[in-house]
Amino acid sequence: MALTAIDNFINNEFVKPTEGAYFDTFNPAHGVPHAQIPDSTKADVDLAYKAASTAFTTWSKTTKAERARILYKIADLIDARQDEFVRAESKDQGKPISLAKTVDIPRAAYNFRFFAGRILHSVEEAAELEGVGFNYSQRMPIGVAGLISPWNLPLYLLTWKIAPCIACGNTAICKPSEFTSLTAYMLCSVLKDAGLPAGVVNMVFGTGMKAGQALVEHPRIPLISFTGGTVTGAKIIANSAPHFKKLSLELGGKNANIIFADCDFEKALTTSLRSSFANQGEICLCGSRIFVERPIYEKFLNGLVDGAKKLKVGDPSAHDTNLGALVSKEHWEKVKSYIDLGVKEGGKIECGGDKPASLQDEFQNGYFLEPTIISGLTPSCRVMREEIFGPVVTIYAFDTEEEVIQITNDSEYGLSCSLWTENGRRARRVAGEIQAGTVWVNTWMARDLRMPFGGMKKSGLGREGGEHSLDFYTELKTICLAD
Ligand code: NAD
């Protein structure tokens, strides 16, 4: 099968990497190479910087109405090519096509629509300083932004950065994940067809160590928006420190899913199956630590195990597939090693634990893993503390509200948490105590893009969403006019 060849996108042109080197990425469902990605270096980032900084001089002066018009057009063109994007995202990442169709690609289009509207409706502060003058605040675009994204929701998360970045008048150099570059590459043509001027968005493909790090260390790129692992986030802080860059870091999580005995049992169970195993558990917001109040622990565990056993694992392109393949062989091995560790730490595998036995021949080399539920571990075990980022959850019985708040917060992460109870006062009380950037009560993954999003502790720095994205992608200044 011919490999899809990808090139960098600089100044609205597709260009080969300066050193001419490429590497293969794999189709996760088949375990075979399917695309060739430029192995870009600092020289490519420098070329992209030249294009982006030239474009900044005019794009930053374009009216908001004109920027919004182009962003709306980008959204419309993504919609028009939705099927193509959906198929590519599923093939490249391994996710079920139904998820790409209902979540990833619609949200990518919506990111552009949302920020197109957002910039048109913002109003800044103004205040009279009596007897002295009048103050008003003004937002300035900052310059060239480095946008670095992960592999789990490739186009969804990349466009979550591009849209506010360019809506605010900045230009961008994007570095998509080396594992999933296909839809970012397809987006380049959409951007051009929508009339986005040359150099406003540039795409430099390649590895984090070369292309990503070159962006982070570039002395003239003043802001970096990064979504990815906590260990990488720490490197980005260190490598960017000499340049005092503005950073937005969306990092890892180990999210609690708290089930109180007074919950709506069926709703909690059904949603917990999704929050455990959607996208093969490769969503930073998945609830991988399930805490169930003791009176309903056995019933909930049995229901979850029954439900997990019924989930269909296999061909990502089949419309009834629930779990596709994990993104890479290395990631499969990492997730499997945590299952093995769970057993060594004294856990019991309630279901799953390995590659499904029933895979069709063509998927035998794919990176599939059964949905796995581990019981019998204590909150101090590594499997209950470290991010696994796969279809693996632990389940644990708790006795009191105080106890579950304590074990939830006893984590170096603080990204999100779900809690299930029909007692409204308890919901508000517990939600108020949880150390996480997002707390869902009786739901999961419901996102209002006007609201702040981000993590506490090692789950991130800063907030994005609505006004918070404008804060990140602009400099806010005060102008004082004397009477
Ligand atoms: P990763 O940190 O390995 O890679 C993310 C991106 O950073 C990739 O594009 C990679 O090439 C690049 N990169 C790697 N090293 C770099 C370096 N030294 N300098 C600059 N760039 C570098 O993460 P991943 O494995 O792609 O994604 C999974 C992680 O992302 C998980 O930890 C998950 O929780 C996290 N995540 C967080 C959120 C959130 O909103 N908080 C959302 C999705 C994923």
# chains A, B, ... in the order shown; residues from 1 in each chain; ligands from 1
>>> residues_near_ligand(ligand="ligand 1", cutoff="8 Å", atoms="only C-alpha atoms and all ligand atoms", output="JSON, numbers by chain")
{"A": [148, 149, 150, 151, 152, 153, 157, 175, 176, 177, 178, 179, 206, 207, 208, 209, 210, 211, 212, 213, 214, 215, 216, 226, 227, 228, 229, 230, 231, 232, 233, 235, 236, 239, 249, 250, 251, 252, 253, 282, 283, 284, 285, 387, 389, 415, 453, 454, 455, 459, 460]}
>>> residues_around(residues="region 119-121 of chain A", least_positions_apart="4", cutoff="9 Å", atoms="only C-alpha atoms", output="number ranges by chain")
A: 64-65, 67-68, 114-115, 164, 167-168, 470
>>> write_last_selection(atoms="C-alpha atoms", output="short mmCIF file (atom, residue, chain, number, x, y, z; two decimals), in the first residue's frame")
data_model
loop_
_atom_site.label_atom_id
_atom_site.label_comp_id
_atom_site.auth_asym_id
_atom_site.auth_seq_id
_atom_site.Cartn_x
_atom_site.Cartn_y
_atom_site.Cartn_z
CA LYS A 64 -11.78 41.52 13.75
CA ALA A 65 -14.67 41.35 11.31
CA ARG A 67 -10.62 37.65 10.76
CA ALA A 68 -14.01 36.34 11.88
CA PHE A 114 -16.75 29.82 18.48
CA PHE A 115 -13.71 32.12 18.40
CA PRO A 164 -8.14 31.69 19.27
CA ALA A 167 -8.69 35.21 15.91
CA CYS A 168 -6.70 37.44 18.27
CA LEU A 470 -8.24 35.94 24.83
#
>>> atom_distance(atom1="CA of Asp354 (chain A)", atom2="CA of Lys309 (chain A)")
12.7 Å
>>> select_by_dssp(residues="region 106-310 of chain A", states="strand (DSSP E)", output="ChimeraX atom specification")
/A:126-129,133-141,144-148,171-175,201-203,223-227,246-250,256-259,289-293
>>> atom_distance(atom1="CA of Asp471 (chain A)", atom2="CA of Met186 (chain A)")
29.1 Å
>>> closest_residue(among="A:Lys329, A:Lys192, A:Lys245, A:Arg382", to="His218 (chain A)", atoms="only C-alpha atoms")
A:Lys245
>>> atom_distance(atom1="CA of Ala2 (chain A)", atom2="CA of Ile97 (chain A)")
22.0 Å
>>> closest_residue(among="A:Met451, A:Ala29, A:Leu191, A:Leu341", to="Arg463 (chain A)", atoms="only C-alpha atoms")
A:Met451
>>> residues_around(residues="Lys50 (chain A)", least_positions_apart="6", cutoff="10 Å", atoms="only C-alpha atoms", output="ChimeraX atom specification")
/A:10-11,44,56,144,199
>>> closest_residue(among="A:Cys165, A:Ala55, A:Ala88, A:Phe398", to="His468 (chain A)", atoms="only C-alpha atoms")
A:Cys165
>>> closest_residue(among="A:Ala51, A:Leu461, A:Leu326, A:Ala126", to="Ala234 (chain A)", atoms="only C-alpha atoms")
A:Leu461
>>> residues_around(residues="region 424-430 of chain A", least_positions_apart="6", cutoff="8 Å", atoms="only C-alpha atoms", output="PyMOL selection string")
chain A and resi 401+405+441
>>> residues_around(residues="Val343 (chain A)", least_positions_apart="4", cutoff="12 Å", atoms="only C-alpha atoms", output="MDAnalysis selection string")
chainID A and resid 336:339 347:350 353 373:377 381:383 394
>>> residues_around(residues="Ala145 (chain A)", least_positions_apart="3", cutoff="6 Å", atoms="only C-alpha atoms", output="list in words")
Ala172, Ile221, Leu223 and Ile224 of chain A
>>> write_last_selection(atoms="N, CA, C and O atoms", output="CSV table (one decimal), in the first residue's frame")
chain,number,residue,atom,x,y,z
A,172,ALA,N,0.9,31.8,13.6
A,172,ALA,CA,1.2,30.5,14.3
A,172,ALA,C,2.1,29.6,13.6
A,172,ALA,O,2.1,29.6,12.3
A,221,ILE,N,9.9,33.6,19.5
A,221,ILE,CA,8.5,33.1,19.6
A,221,ILE,C,8.0,33.3,21.1
A,221,ILE,O,8.5,32.6,22.0
A,223,LEU,N,5.1,33.1,22.7
A,223,LEU,CA,4.1,32.3,23.5
A,223,LEU,C,4.0,30.9,22.9
A,223,LEU,O,4.1,30.6,21.7
A,224,ILE,N,3.8,29.9,23.9
A,224,ILE,CA,3.7,28.5,23.5
A,224,ILE,C,2.5,28.0,24.2
A,224,ILE,O,2.3,28.1,25.4
>>> select_by_dssp(residues="region 41-146 of chain A", states="helix (DSSP H, G or I)", output="NGL selection string")
:A and (42-59 or 64-80 or 82-93 or 97-120)
